[in-house]
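Read through the structure below, which is laid out as structure tokens, and then see the notes.
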Amino acid sequence: MPDPTRTWTAALIVIGDEILSGRTQDRNVAQIATWLNVQGIRLREVRVVADDQDAIVEAVNALRARNDYLFTTGGIGPTHDDITVDAIAAALGVPVEIHESARAVLAAYYESRGGLTEARLRMARVPAGASLIENRMSGAPGIRHGNIFIMAGVPSITAGMLESLTGALEGGRPLLSATIGCWVAESEVADLLGATERAHEGCQIGSYPFFREGRTGANFVVRSTDQDRLDACMASLTAALEQGGWPVHPGGI
């Protein structure tokens with residue numbers, strides 16, 4: 001029987017010079033983290049690396065060893081600077097090969113789009129021994145090798161790949177959350193937040209301050225894998241804030 005206290009973890013490597021240069025803003029971290037929470041898996045680490053094979057190899061070997069799952073985004077396209085597959089194959093110590101099922105998928109997709117060129121065939125390259133992750137949007141599949149999931153950098157394509165993986169990964173209990181907000185400086189309620197969290201085992205309280213409309217406020221997010229514990233902690237936190245003279249806004253401000 002699975003251990004209900006077991007926490008399954010994942011790491012994410014975002015690959016691409018365009019991310020580090022600021023030219024492209026990453027949107028995959030949030031959607032992958034949210035998806036993982038629903039699968040009962042916690043995203044513990046995110047690393048952004050350049051299109052550099054040595055950097056990718058080092059990151060892959062470090063993060064796959066200390067997490068149950070490793071996801072990568074970016075660098076699996078048809079151009080010369082898409083080196084993720086080669087780098088991960090090097091990290092695993094296996095050759096790169098053409099996956100015949102990927103070739104067939106790409107040939108069908110590009111049949112009415114100019115045919116399967118050498119550049120497009122690069123998207124059928126995988127580390128030897130890999131399986132495919134379905135991509136219904138653009139044909140080019142994602143790649144799975146053991147506990148590594150190699151995915152596209154385009155967020156909409158990544159979303160489709162995540163959808164095809166839904167329910168396929170072993171995980172624990174989904175992480176639940178609830179949010180309230182107050183017009184209060186975070187420093188004024190720091191002790192209250194800490195005391196409330198300590199009084200509710202299995203719950204974590206995150207505090208997210210902001211300055212808006214000329215006023216200081218904060219949103220408080222309670223997280224737990226147990227709905228009853230979450231509800232009890234939220235009720236206690238709400239009561240404590242209200243008693244302190246800070247009206248609570250359910251759902252946050």
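Simple scheme: letters A, B, ... for chains in structure tokens order, numbers from 1 for residues in each chain, numbers from 1 for ligands in the order shown.
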
_Every residue of stretch 65-95 of chain A that DSSP places in helix (DSSP H, G or I), as a VMD selection string_ = chain A and resid 65 84 to 92

With only C-alpha atoms counted and 8 Å as the cut-off, give the residues of stretch 91-210 of chain A in contact with stretch 28-33 of chain A, each with its shortest interatomic distance in Å and the pair that gives it, as CSV.
```
residue,atom,partner,partner_atom,distance
A:Gly153,CA,A:Asn28,CA,7.6
A:Pro155,CA,A:Asn28,CA,5.7
A:Thr158,CA,A:Asn28,CA,7.5
A:Ala159,CA,A:Gln31,CA,7.5
A:Leu162,CA,A:Ile32,CA,7.8
```

Expected file: the selected residues, N, CA, C and O atoms, as a tab-separated table (two decimals), in the first residue's frame:
```tsv
chain	number	residue	atom	x	y	z
A	153	GLY	N	9.25	24.28	-25.51
A	153	GLY	CA	9.33	25.55	-24.80
A	153	GLY	C	8.11	26.42	-25.00
A	153	GLY	O	7.84	27.30	-24.18
A	155	PRO	N	4.58	27.53	-24.52
A	155	PRO	CA	3.67	27.15	-23.43
A	155	PRO	C	2.42	26.40	-23.88
A	155	PRO	O	1.98	25.47	-23.21
A	158	THR	N	3.45	22.89	-24.56
A	158	THR	CA	3.72	22.25	-23.27
A	158	THR	C	2.43	21.84	-22.58
A	158	THR	O	2.33	20.75	-22.01
A	159	ALA	N	1.44	22.72	-22.63
A	159	ALA	CA	0.15	22.42	-21.99
A	159	ALA	C	-0.48	21.17	-22.57
A	159	ALA	O	-1.03	20.33	-21.83
A	162	LEU	N	1.39	18.15	-21.25
A	162	LEU	CA	0.98	17.87	-19.88
A	162	LEU	C	-0.37	17.17	-19.84
A	162	LEU	O	-0.58	16.24	-19.05
```

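Separating atom CA of A:Gly202 from atom CA of A:Leu230 is a distance of 8.3 Å.
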
*Find the residues around A:Phe211 up to 10 Å (only C-alpha atoms counted), leave out those fewer than 6 positions away in its own chain, and share them as a list of chain:residue names.*
A:Trp183, A:Ala185, A:Gly217, A:Ala218

Export of prior selection with all heavy atoms as a CSV table (one decimal), in the first residue's frame:
```
chain,number,residue,atom,x,y,z
A,183,TRP,N,-5.8,44.2,4.5
A,183,TRP,CA,-5.1,45.5,4.4
A,183,TRP,C,-4.3,45.6,5.6
A,183,TRP,O,-4.7,46.2,6.6
A,183,TRP,CB,-6.0,46.7,4.2
A,183,TRP,CG,-6.7,46.6,2.8
A,183,TRP,CD1,-8.0,46.3,2.5
A,183,TRP,CD2,-6.1,47.0,1.6
A,183,TRP,NE1,-8.2,46.4,1.2
A,183,TRP,CE2,-7.1,46.8,0.6
A,183,TRP,CE3,-4.8,47.4,1.2
A,183,TRP,CZ2,-6.8,47.0,-0.8
A,183,TRP,CZ3,-4.5,47.6,-0.2
A,183,TRP,CH2,-5.5,47.4,-1.1
A,185,ALA,N,0.2,45.5,7.0
A,185,ALA,CA,1.6,45.2,6.7
A,185,ALA,C,1.9,43.8,7.2
A,185,ALA,O,1.6,43.4,8.3
A,185,ALA,CB,2.4,46.3,7.4
A,217,GLY,N,-0.9,45.9,1.9
A,217,GLY,CA,-1.7,44.8,2.2
A,217,GLY,C,-1.0,43.5,2.0
A,217,GLY,O,0.2,43.5,1.6
A,218,ALA,N,-1.6,42.4,2.2
A,218,ALA,CA,-1.0,41.1,2.0
A,218,ALA,C,-2.1,40.0,1.8
A,218,ALA,O,-3.2,40.1,2.3
A,218,ALA,CB,-0.1,40.6,3.2
```

*asked:* Using DSSP secondary structure from the backbone, list all strand (DSSP E or B) positions within stretch 106-208 of chain A, as a ChimeraX atom specification.
replied: /A:125-127,131-133,142-145,148-151,176-182,204-208

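Minimum distance to A:Thr117 across A:Thr84, A:Ser156, A:Thr166, A:Thr79 (counting only C-alpha atoms) occurs at A:Thr79.
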
*Hey, what's within 9 Å of A:Val248 if we count only C-alpha atoms and toss same-chain stuff fewer than 4 positions away? As a VMD selection string, please?*
chain A and resid 180 to 183 238 to 239 241 to 242 252
